[in-house]
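Report on the structure given below.
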Amino acid sequence: MKAPVRISNLCIDYANLRVLSNLNLDIAGGEFVVLLGPSGCGKSTLLNAIAGFNDVAEGSIEIGGQNVTWAEPKDRGIGMVFQSYALYPKMTVRQNLAFALETARVSKSEIEARIARTAKVLQLDHLLARRPAQLSGGQRQRVAIGRALVRDVGVFLFDEPLSNLDAQLRNDLRIEIKRLHKQLNATIVYVTHDQVEAMTLADRIAVMNGGVIQQLGTPAEVYHTPANKFVASFLGSPR
Ligand code: ADP
Ligand code: MG
């Protein structure tokens, strides 16, 4: 189910302000691409545009070979994980996972099968009857990831999913996300301002600043052969 993502000459405006200008990015099916850059550089804007939450001023977005520039978020074949878990507090973990499938026209037995599989992958089996308030931060974020996984789509979008967690949990979940990527054979676009996260997770990193991709390359490429002063200083590359 791994879908490629192609972004061509994308421009996004907030009111009169152009936040992304003529941005191009080609992501292969199954690739793990990290959008890395300082706060305010446009990472979330780009991710939200792929998800369908931002109006496009110019340019186009293709997912799995389909032009989705004007498609509704639910019709794009994406699953998204936000920094704040955004779980429904009154629903159990099982209901939170099932709710993500409500718009997806799948049968009851298929819903059960997908929940079982997702719970197994994320080690949530023993937590399905609990409500979010009865979970730790790391468990909540695993449920949030589960809500994206259960949709069984070709592209997963992560916006700083580990930023609210402590260092140990961040580390554990990072390893888990890496493992999931291999196991799911899906395309992942992952936003972070954390270099270590970017370096350890990415097949390729898009280093962003000022609404522009400054460099796109493997972790070794961007670190050892930075394209400009910004990339070198942001990554702390050796001179
Ligand atoms: P990042 O995720 O890299 O921190 P964002 O994509 O959130 O950056 O923001 C990029 C720029 O757009 C910033 O200057 C931010 O202030 C601005 N911005 C983000 N969201 C909005 C919005 N809804 N309305 C107006 N400006 C926004
Ligand atoms: Mg952001």
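In the structure tokens, each chain is lettered A, B, ... as it comes, each chain's residues begin at 1, and ligands are numbered from 1 in order of appearance.
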If you run DSSP over the backbone, which residues in segment 11-227 of chain A end up strand (DSSP E or B)? Put them as a PDB file with C-alpha atoms, in the first residue's frame.
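Contents of out16.pdb, as written:
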ATOM      1  CA  CYS A  11       2.576  27.861  -2.724  1.00  0.00           C
ATOM      2  CA  ILE A  12       0.596  28.354   0.489  1.00  0.00           C
ATOM      3  CA  ASP A  13      -0.614  31.712   1.806  1.00  0.00           C
ATOM      4  CA  TYR A  14      -1.962  32.720   5.205  1.00  0.00           C
ATOM      5  CA  LEU A  17       1.539  36.229   3.644  1.00  0.00           C
ATOM      6  CA  ARG A  18       3.191  33.604   1.440  1.00  0.00           C
ATOM      7  CA  VAL A  19       4.436  30.928   3.844  1.00  0.00           C
ATOM      8  CA  LEU A  20       5.557  28.313   1.288  1.00  0.00           C
ATOM      9  CA  SER A  21       6.810  29.362  -2.124  1.00  0.00           C
ATOM     10  CA  ASN A  22       7.286  27.111  -5.148  1.00  0.00           C
ATOM     11  CA  LEU A  23       8.126  24.102  -3.085  1.00  0.00           C
ATOM     12  CA  ASN A  24       8.975  20.842  -4.856  1.00  0.00           C
ATOM     13  CA  LEU A  25       9.335  17.487  -3.136  1.00  0.00           C
ATOM     14  CA  ASP A  26       9.221  13.976  -4.586  1.00  0.00           C
ATOM     15  CA  ILE A  27       8.796  11.151  -2.093  1.00  0.00           C
ATOM     16  CA  PHE A  32      10.696   7.804   5.284  1.00  0.00           C
ATOM     17  CA  VAL A  33      11.160  11.539   4.729  1.00  0.00           C
ATOM     18  CA  VAL A  34      11.726  13.918   7.631  1.00  0.00           C
ATOM     19  CA  LEU A  35      10.918  17.633   7.362  1.00  0.00           C
ATOM     20  CA  LEU A  36      13.502  19.236   9.658  1.00  0.00           C
ATOM     21  CA  GLU A  58      -0.583  27.526  -6.492  1.00  0.00           C
ATOM     22  CA  GLY A  59       0.909  24.198  -7.467  1.00  0.00           C
ATOM     23  CA  SER A  60      -0.258  20.633  -6.943  1.00  0.00           C
ATOM     24  CA  ILE A  61      -0.097  17.627  -4.652  1.00  0.00           C
ATOM     25  CA  GLU A  62      -0.266  14.025  -5.863  1.00  0.00           C
ATOM     26  CA  ILE A  63      -0.611  10.998  -3.605  1.00  0.00           C
ATOM     27  CA  GLN A  66      -3.753  10.835  -7.946  1.00  0.00           C
ATOM     28  CA  ASN A  67      -3.986  14.609  -8.029  1.00  0.00           C
ATOM     29  CA  ILE A  78      -3.421   9.444   4.533  1.00  0.00           C
ATOM     30  CA  GLY A  79      -3.308   8.912   8.280  1.00  0.00           C
ATOM     31  CA  MET A  80      -2.109  11.738  10.503  1.00  0.00           C
ATOM     32  CA  VAL A  81      -0.569  11.830  13.987  1.00  0.00           C
ATOM     33  CA  VAL A 155       0.959   7.505   3.611  1.00  0.00           C
ATOM     34  CA  PHE A 156       1.393   8.411   7.270  1.00  0.00           C
ATOM     35  CA  LEU A 157       1.953  12.011   8.333  1.00  0.00           C
ATOM     36  CA  PHE A 158       3.519  12.719  11.733  1.00  0.00           C
ATOM     37  CA  ASP A 159       3.737  16.236  13.184  1.00  0.00           C
ATOM     38  CA  THR A 187       5.426   6.035   3.130  1.00  0.00           C
ATOM     39  CA  ILE A 188       6.065   8.330   6.092  1.00  0.00           C
ATOM     40  CA  VAL A 189       6.437  12.112   6.161  1.00  0.00           C
ATOM     41  CA  TYR A 190       7.596  13.124   9.610  1.00  0.00           C
ATOM     42  CA  VAL A 191       8.005  16.655  10.982  1.00  0.00           C
ATOM     43  CA  THR A 192      10.490  17.465  13.722  1.00  0.00           C
ATOM     44  CA  ARG A 204      16.048  11.398   3.423  1.00  0.00           C
ATOM     45  CA  ILE A 205      15.829  14.708   5.271  1.00  0.00           C
ATOM     46  CA  ALA A 206      14.339  17.896   3.813  1.00  0.00           C
ATOM     47  CA  VAL A 207      16.026  20.705   5.732  1.00  0.00           C
ATOM     48  CA  MET A 208      13.666  23.693   5.713  1.00  0.00           C
ATOM     49  CA  ASN A 209      14.027  27.358   6.511  1.00  0.00           C
ATOM     50  CA  VAL A 212      11.860  26.791   1.429  1.00  0.00           C
ATOM     51  CA  ILE A 213      13.576  23.393   1.317  1.00  0.00           C
ATOM     52  CA  GLN A 214      17.230  24.318   1.732  1.00  0.00           C
ATOM     53  CA  GLN A 215      18.514  20.819   1.071  1.00  0.00           C
ATOM     54  CA  LEU A 216      17.121  17.339   0.454  1.00  0.00           C
ATOM     55  CA  GLY A 217      19.372  14.368   1.035  1.00  0.00           C
TER      56      GLY A 217
END
Considering only C-alpha atoms and all ligand atoms, give me a table of residues in chain A that are at most 6 Å from ligand 1, with the closest atom pair and distance in Å for each, as a Markdown table.
| residue | atom | partner | partner_atom_place_in_ligand_line | distance |
| --- | --- | --- | --- | --- |
| A:Tyr14 | CA | ligand 1 | 25 (C) | 4.8 |
| A:Val19 | CA | ligand 1 | 12 (O) | 5.4 |
| A:Ser39 | CA | ligand 1 | 4 (O) | 3.6 |
| A:Gly40 | CA | ligand 1 | 8 (O) | 3.4 |
| A:Cys41 | CA | ligand 1 | 3 (O) | 4.0 |
| A:Gly42 | CA | ligand 1 | 6 (O) | 3.2 |
| A:Lys43 | CA | ligand 1 | 3 (O) | 3.8 |
| A:Ser44 | CA | ligand 1 | 2 (O) | 3.7 |
| A:Thr45 | CA | ligand 1 | 6 (O) | 3.7 |
Residue selection dump (N, CA and C atoms) as an mmCIF file, in the first residue's frame:
data_model
loop_
_atom_site.group_PDB
_atom_site.id
_atom_site.type_symbol
_atom_site.label_atom_id
_atom_site.label_comp_id
_atom_site.auth_asym_id
_atom_site.auth_seq_id
_atom_site.Cartn_x
_atom_site.Cartn_y
_atom_site.Cartn_z
ATOM 1 N N TYR A 14 -1.064 32.429 4.085
ATOM 2 C CA TYR A 14 -1.962 32.720 5.205
ATOM 3 C C TYR A 14 -2.323 34.185 5.065
ATOM 4 N N VAL A 19 3.656 31.678 2.852
ATOM 5 C CA VAL A 19 4.436 30.928 3.844
ATOM 6 C C VAL A 19 5.275 29.838 3.175
ATOM 7 N N SER A 39 11.517 26.254 14.372
ATOM 8 C CA SER A 39 10.129 26.621 14.578
ATOM 9 C C SER A 39 9.742 27.760 13.634
ATOM 10 N N GLY A 40 8.594 27.638 13.006
ATOM 11 C CA GLY A 40 8.097 28.696 12.131
ATOM 12 C C GLY A 40 8.568 28.613 10.688
ATOM 13 N N CYS A 41 9.333 27.570 10.339
ATOM 14 C CA CYS A 41 9.897 27.509 8.976
ATOM 15 C C CYS A 41 8.895 26.971 7.959
ATOM 16 N N GLY A 42 7.757 26.428 8.423
ATOM 17 C CA GLY A 42 6.742 25.978 7.475
ATOM 18 C C GLY A 42 6.541 24.473 7.415
ATOM 19 N N LYS A 43 7.118 23.729 8.353
ATOM 20 C CA LYS A 43 7.006 22.265 8.344
ATOM 21 C C LYS A 43 5.558 21.813 8.470
ATOM 22 N N SER A 44 4.864 22.339 9.489
ATOM 23 C CA SER A 44 3.465 21.921 9.699
ATOM 24 C C SER A 44 2.587 22.375 8.545
ATOM 25 N N THR A 45 2.888 23.548 8.006
ATOM 26 C CA THR A 45 2.110 24.050 6.869
ATOM 27 C C THR A 45 2.204 23.074 5.701
#
With a distance cut-off of 12 Å and only C-alpha atoms, select the neighbouring residues of segment 102-117 of chain A, excluding the residue or stretch itself and same-chain residues fewer than 6 positions from it, and output the selection as a VMD selection string.
-> chain A and resid 72 to 79 93 to 96 123 to 128 143 146 to 153 184
DSSP-assigned alpha helix (DSSP H) among segment 62-174 of chain A, expressed as a PyMOL selection string | chain A and resi 93-99+108-121+137-149+167-174
Filtering to C-alpha atoms, could you give me those residues as a PDB file, in the first residue's frame?
ATOM      1  CA  VAL A  93      -9.033   3.088  23.414  1.00  0.00           C
ATOM      2  CA  ARG A  94     -11.021   0.593  21.331  1.00  0.00           C
ATOM      3  CA  GLN A  95     -13.650   3.239  20.528  1.00  0.00           C
ATOM      4  CA  ASN A  96     -10.971   5.797  19.684  1.00  0.00           C
ATOM      5  CA  LEU A  97      -9.481   3.352  17.185  1.00  0.00           C
ATOM      6  CA  ALA A  98     -12.865   2.362  15.743  1.00  0.00           C
ATOM      7  CA  PHE A  99     -13.932   5.989  15.359  1.00  0.00           C
ATOM      8  CA  LYS A 108     -17.754  -4.623  11.441  1.00  0.00           C
ATOM      9  CA  SER A 109     -15.594  -7.707  11.165  1.00  0.00           C
ATOM     10  CA  GLU A 110     -12.974  -5.790   9.210  1.00  0.00           C
ATOM     11  CA  ILE A 111     -12.992  -3.073  11.914  1.00  0.00           C
ATOM     12  CA  GLU A 112     -12.431  -5.742  14.575  1.00  0.00           C
ATOM     13  CA  ALA A 113      -9.625  -7.333  12.583  1.00  0.00           C
ATOM     14  CA  ARG A 114      -7.878  -4.011  12.028  1.00  0.00           C
ATOM     15  CA  ILE A 115      -8.176  -3.005  15.689  1.00  0.00           C
ATOM     16  CA  ALA A 116      -6.754  -6.358  16.752  1.00  0.00           C
ATOM     17  CA  ARG A 117      -3.842  -6.056  14.348  1.00  0.00           C
ATOM     18  CA  THR A 118      -3.107  -2.429  15.297  1.00  0.00           C
ATOM     19  CA  ALA A 119      -3.317  -3.180  19.010  1.00  0.00           C
ATOM     20  CA  LYS A 120      -0.878  -6.043  18.560  1.00  0.00           C
ATOM     21  CA  VAL A 121       1.630  -4.003  16.572  1.00  0.00           C
ATOM     22  CA  GLY A 137       1.713   9.962  27.957  1.00  0.00           C
ATOM     23  CA  GLY A 138       3.547   7.322  25.973  1.00  0.00           C
ATOM     24  CA  GLN A 139       0.515   5.031  25.892  1.00  0.00           C
ATOM     25  CA  ARG A 140      -1.673   7.910  24.700  1.00  0.00           C
ATOM     26  CA  GLN A 141       0.714   8.682  21.901  1.00  0.00           C
ATOM     27  CA  ARG A 142       0.741   4.996  20.910  1.00  0.00           C
ATOM     28  CA  VAL A 143      -3.062   5.155  20.674  1.00  0.00           C
ATOM     29  CA  ALA A 144      -2.754   8.306  18.546  1.00  0.00           C
ATOM     30  CA  ILE A 145      -0.368   6.430  16.245  1.00  0.00           C
ATOM     31  CA  GLY A 146      -2.793   3.513  16.289  1.00  0.00           C
ATOM     32  CA  ARG A 147      -5.597   5.736  15.074  1.00  0.00           C
ATOM     33  CA  ALA A 148      -3.539   6.519  11.989  1.00  0.00           C
ATOM     34  CA  LEU A 149      -2.398   2.900  11.480  1.00  0.00           C
ATOM     35  CA  ALA A 167      13.537  11.732  26.890  1.00  0.00           C
ATOM     36  CA  GLN A 168      13.274   8.028  27.713  1.00  0.00           C
ATOM     37  CA  LEU A 169       9.836   7.644  26.134  1.00  0.00           C
ATOM     38  CA  ARG A 170      10.912   9.666  23.129  1.00  0.00           C
ATOM     39  CA  ASN A 171      13.740   7.237  22.637  1.00  0.00           C
ATOM     40  CA  ASP A 172      11.531   4.151  23.001  1.00  0.00           C
ATOM     41  CA  LEU A 173       8.843   5.439  20.668  1.00  0.00           C
ATOM     42  CA  ARG A 174      11.413   6.530  18.111  1.00  0.00           C
TER      43      ARG A 174
END
Selection: 9 Å around Met199 of chain A, only C-alpha atoms, excl. self and same-chain fewer than 3 positions, as a list in words =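 With the cut-off at 9 Å, the set is Val34, Asp194, Gln195, Val196, Ala202, Asp203, Arg204, Ile205, Thr218, Pro219, Ala220 and Tyr223 of chain A.
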Using only C-alpha atoms and all ligand atoms, find the one residue out of A:Arg239, A:Lys178, A:His193, A:Lys229 that sits nearest to ligand 2.
->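 Among the listed residues, the smallest separation from ligand 2 belongs to A:His193.
Nearest residue to ligand 2 among A:Gly64, A:Gly37, A:Gly29, A:Pro226 is A:Gly37, counting only C-alpha atoms and all ligand atoms.
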Atom pair atom CA of Pro132 of chain A + atom CA of Leu47 of chain A, distance 25.7 Å
Closest of A:Met91, A:Ser163, A:Arg130, A:Gly65 to ligand 2 - atom-to-atom distances counting only C-alpha atoms and all ligand atoms | A:Ser163
